[in-house]
Structures are given as structure tokens and as C-alpha cells.
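Chemist: Dumping the structure here so I can ask a few things about it.
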Amino acid sequence: MDRKSYEKQLVGERAADYIRDGMIVGLGTGSTIAFTIKKLGERLKRETLNITCVSTSNQTSELAKSLGIPMKELNEVSHIDLTIDGVDEFDPQLNGIKGGGGALLFEKIVAKASKSNIWVADGSKEVDILGAFPLPVEVLPFGSQHTARAIREKGLDPKLRMDGENPYRTDSRNFILDCHIGKITEPERLSQWLNALPGVIENGLFINIVGKVLIPEGDNDVK
Ligand code: 5RP
């Protein structure tokens with residue numbers, strides 16, 4: 001196993017310890033949170049843990065259900081106590097970019113419905129200023145070339161995410177424009193500008209959402 005995968009497993013599994021009896025838990029999407037979900041599946045076999053989980057993607061739903069984790073739709077729960085998710089990049093203020101796995105829309109809805117949020121990240125995700133990772137922006141397929149043009153004219157260099165020959169489709173059947181921005185000095189302003197554009201469904205900037213990020217410390221510890 002390479003270093004990055006090792007770190008993902010380390011922090012991902014540790015995050016499962018934050019899930020307590022009685023909680024309604026949001027489960028994020030990606031390779032790091034997959035370790036949390038698998039660990040949770042193991043805990044459920046050993047412990048009496050009365051929990052309900054809400055998913056952020058089809059991929060996560062399938063994995064969680066295959067492990068016997070009790071799942072509900074977001075509309076079937078009144079609130080979420082804790083959501084654990086991965087992240088593509090985060091800064092010292094714990095703002096981040098998400099959506100590398102294409103699940104940013106459901107991830108943001110679930111995160112906003114949560115009383116608390118934790119991200120799990122391998123060491124490569126920590127940056128001083130956001131923007132080295134291309135910012136995913138979910139857009140409606142209708143008129144997407146015009147939406148992309150407006151984003152391009154703002155200097156944000158959008159590239160339509162592809163899945164082979166065809167545009168990549170999110171779980172909501174939308175497209176994603178990966179925006180190569182460089183340093184994002186005013187994330188809040190950028191997020192507001194993007195979301196005000198007709199055709200934009202949501203962008204991958206997560207600002208003031210998480211209270212804690214679990215990252216590796218040394219060889220086999222987590223901070
Ligand atoms: C999916 C996401 C993921 O959480 C993010 O891409 C991190 O993924 P990984 O844990 O595989 O590095 O935002 O939309």
C-alpha cells in the first residue's frame with residue numbers, strides 16, 4: 001500500500017470512533033470515507049450501536065447498504081448529528097474544496113443539515129491557500145456551454161469533466177466544470193458569484209462548514 005492510501009485508511013478508520021450510540025450520521029463520499037464506512041460496518045457487528053445514516057451519493061449508499069448499515073433518506077430524518085466526509089483541499093481556516101468525486105451537491109446539502117462536520121484527509125490535502133485543486137462547479141446540462149463561457153470570461157478556466165467520450169454526470173444527472181483558478185484569495189466572494197450565475201447548481205467551496213479535520217500525525221497517529 002502506498003503512503004497516501006495508508007494515510008487515508010489511518011484517518012478514515014479513526015473517524016469511525018466519533019460515531020456514538022443514538023446518532024444520526026451523514027456519510028460522505030470518496031476513498032477516505034470508504035474506510036470510515038467499512039470500520040463502522042465492523043463496529044455494528046461487534047457493538048449494540050443504534051444509529052441511522054444518511055448518504056451523500058449512490059456510491060456511498062451501495063457500500064453502506066452492503067455492510068448492513070441502517071440508512072434513511074435525508075427527508076426522512078429531522079436533523080443530522082454528525083457528518084464525516086473527505087475533502088480535496090483545506091486551508092488553515094478549515095475552508096475547503098470538495099467535489100473531486102463528483103458528489104459536492106449532496107455533500108453540501110447534507111453538511112448544511114448537520115449539527116457538526118468532520119473531514120478526513122491524507123496529508124496532501126492541507127494547503128495554505130485554496131485553489132491548486134481545480135474547483136468543481138456543478139451545472140445544469142441545459143445551456144452548459146453558455147454557463148461555461150460566463151465562467152471563462154471571469155478568468156476561471158472551466159473544463160467540462162468527461163467520462164470517456166461523454167460528459168461526466170453527477171447523481172443528479174448534471175455536468176461538472178472543473179475550474180482551474182489558481183490561488184483563491186476570496187473564497188466566500190467567489191462562491192457567491194458562482195452560485196448567482198444562472199445554470200450553476202452548486203460549487204465545491206465549503207466555507208465555515210467543518211469544525212474539525214482529521215489528518216495523519218507522524219507514522220501512525222492522527223491529529
Ligand atoms: C467527493 C469528494 C471527496 O470527499 C473528495 O474528492 C475526497 O476524496 P478522497 O477521499 O477519495 O481523496 O468531495 O465529491
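Letters A, B, ... go to the chains of the C-alpha cells in the order shown; residues in each chain start at 1; ligands are counted from 1 in the same order.
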Excluding same-chain residues fewer than 6 positions from A:Pro216, what lies within 12 Å of it counting only C-alpha atoms, as an MDAnalysis selection string?

Modeler: chainID A and resid 3:15 120:126 222:223

Chemist: Env of A:Ile24: 6 Å cut, atoms = only C-alpha atoms, seq-sep filter 2 positions within chain, self excluded. Answer as a compact mmCIF listing (two decimals) with N, CA and C atoms, in the first residue's frame.

Modeler:
```txt
# COMPACT_ATOMS: atom_id res chain seq x y z
N ILE A 51 -27.86 3.48 15.43
CA ILE A 51 -27.60 4.68 14.62
C ILE A 51 -28.42 4.62 13.33
N THR A 52 -28.56 5.79 12.73
CA THR A 52 -29.16 5.89 11.40
C THR A 52 -28.20 6.71 10.56
N CYS A 53 -27.99 6.30 9.30
CA CYS A 53 -27.08 7.06 8.44
C CYS A 53 -27.79 7.61 7.22
N ILE A 80 -29.25 15.94 11.34
CA ILE A 80 -28.09 15.04 11.34
C ILE A 80 -27.18 15.50 12.48
N ASP A 81 -26.74 14.57 13.31
CA ASP A 81 -25.86 14.96 14.42
C ASP A 81 -24.45 15.24 13.94
```

Chemist: If you count only C-alpha atoms, which residues fall within 12 Å of stretch 194-198 of chain A, apart from same-chain ones fewer than 6 positions away, as a list in words?

Modeler: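 The neighbour list is Leu105, Leu135, Pro136, Val137, Glu138, Val139, Leu140, Pro141, Phe142, Gly143, Ser144, Gln145, His146, Thr147, Ala148, Arg149, Ala150, Ile151, Arg152, Lys154, Leu156, Pro158, Leu177, Cys179, Pro187, Glu188, Gly204 and Leu205 of chain A.
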
Chemist: Could you list, as number ranges by chain, all the residues within 9 Å of ligand 1, counting only C-alpha atoms and all ligand atoms?

Modeler: A: 8, 12, 28-34, 56-57, 85-89, 97-107, 119-122, 125, 136, 204

Chemist: Kindly export the residues of the current selection with C-alpha atoms, as a compact mmCIF listing (two decimals), in the first residue's frame.

Modeler:
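Result went into result_17.txt, see below:
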```txt
# COMPACT_ATOMS: atom_id res chain seq x y z
CA LYS A 8 -6.44 7.55 4.08
CA GLY A 12 -10.69 7.14 7.77
CA GLY A 28 -19.63 11.48 2.76
CA THR A 29 -18.18 10.18 -0.47
CA GLY A 30 -14.71 9.09 -1.61
CA SER A 31 -11.86 6.73 -0.92
CA THR A 32 -11.02 8.05 2.58
CA ILE A 33 -14.56 7.97 3.95
CA ALA A 34 -14.92 4.47 2.48
CA THR A 56 -24.27 11.74 0.02
CA SER A 57 -24.05 9.60 -3.14
CA ASP A 85 -16.63 13.37 4.75
CA GLY A 86 -13.45 13.58 2.72
CA VAL A 87 -12.02 16.75 1.19
CA ASP A 88 -9.83 17.60 -1.80
CA GLU A 89 -8.06 20.57 -0.23
CA ILE A 97 -12.69 22.39 -1.89
CA LYS A 98 -14.80 19.29 -2.45
CA GLY A 99 -16.30 17.52 -5.43
CA GLY A 100 -13.33 15.64 -6.84
CA GLY A 101 -15.57 12.58 -6.66
CA GLY A 102 -18.50 14.50 -8.15
CA ALA A 103 -20.75 14.41 -5.07
CA LEU A 104 -20.43 18.04 -3.99
CA LEU A 105 -24.13 18.94 -4.26
CA PHE A 106 -25.48 16.21 -1.98
CA GLU A 107 -22.40 16.58 0.24
CA TRP A 119 -13.34 15.96 7.35
CA VAL A 120 -10.89 13.11 6.96
CA ALA A 121 -7.82 13.92 4.88
CA ASP A 122 -4.46 12.45 3.95
CA LYS A 125 -4.81 17.84 1.25
CA PRO A 136 -15.66 21.61 -9.28
CA GLY A 204 -17.31 22.91 -4.40
```
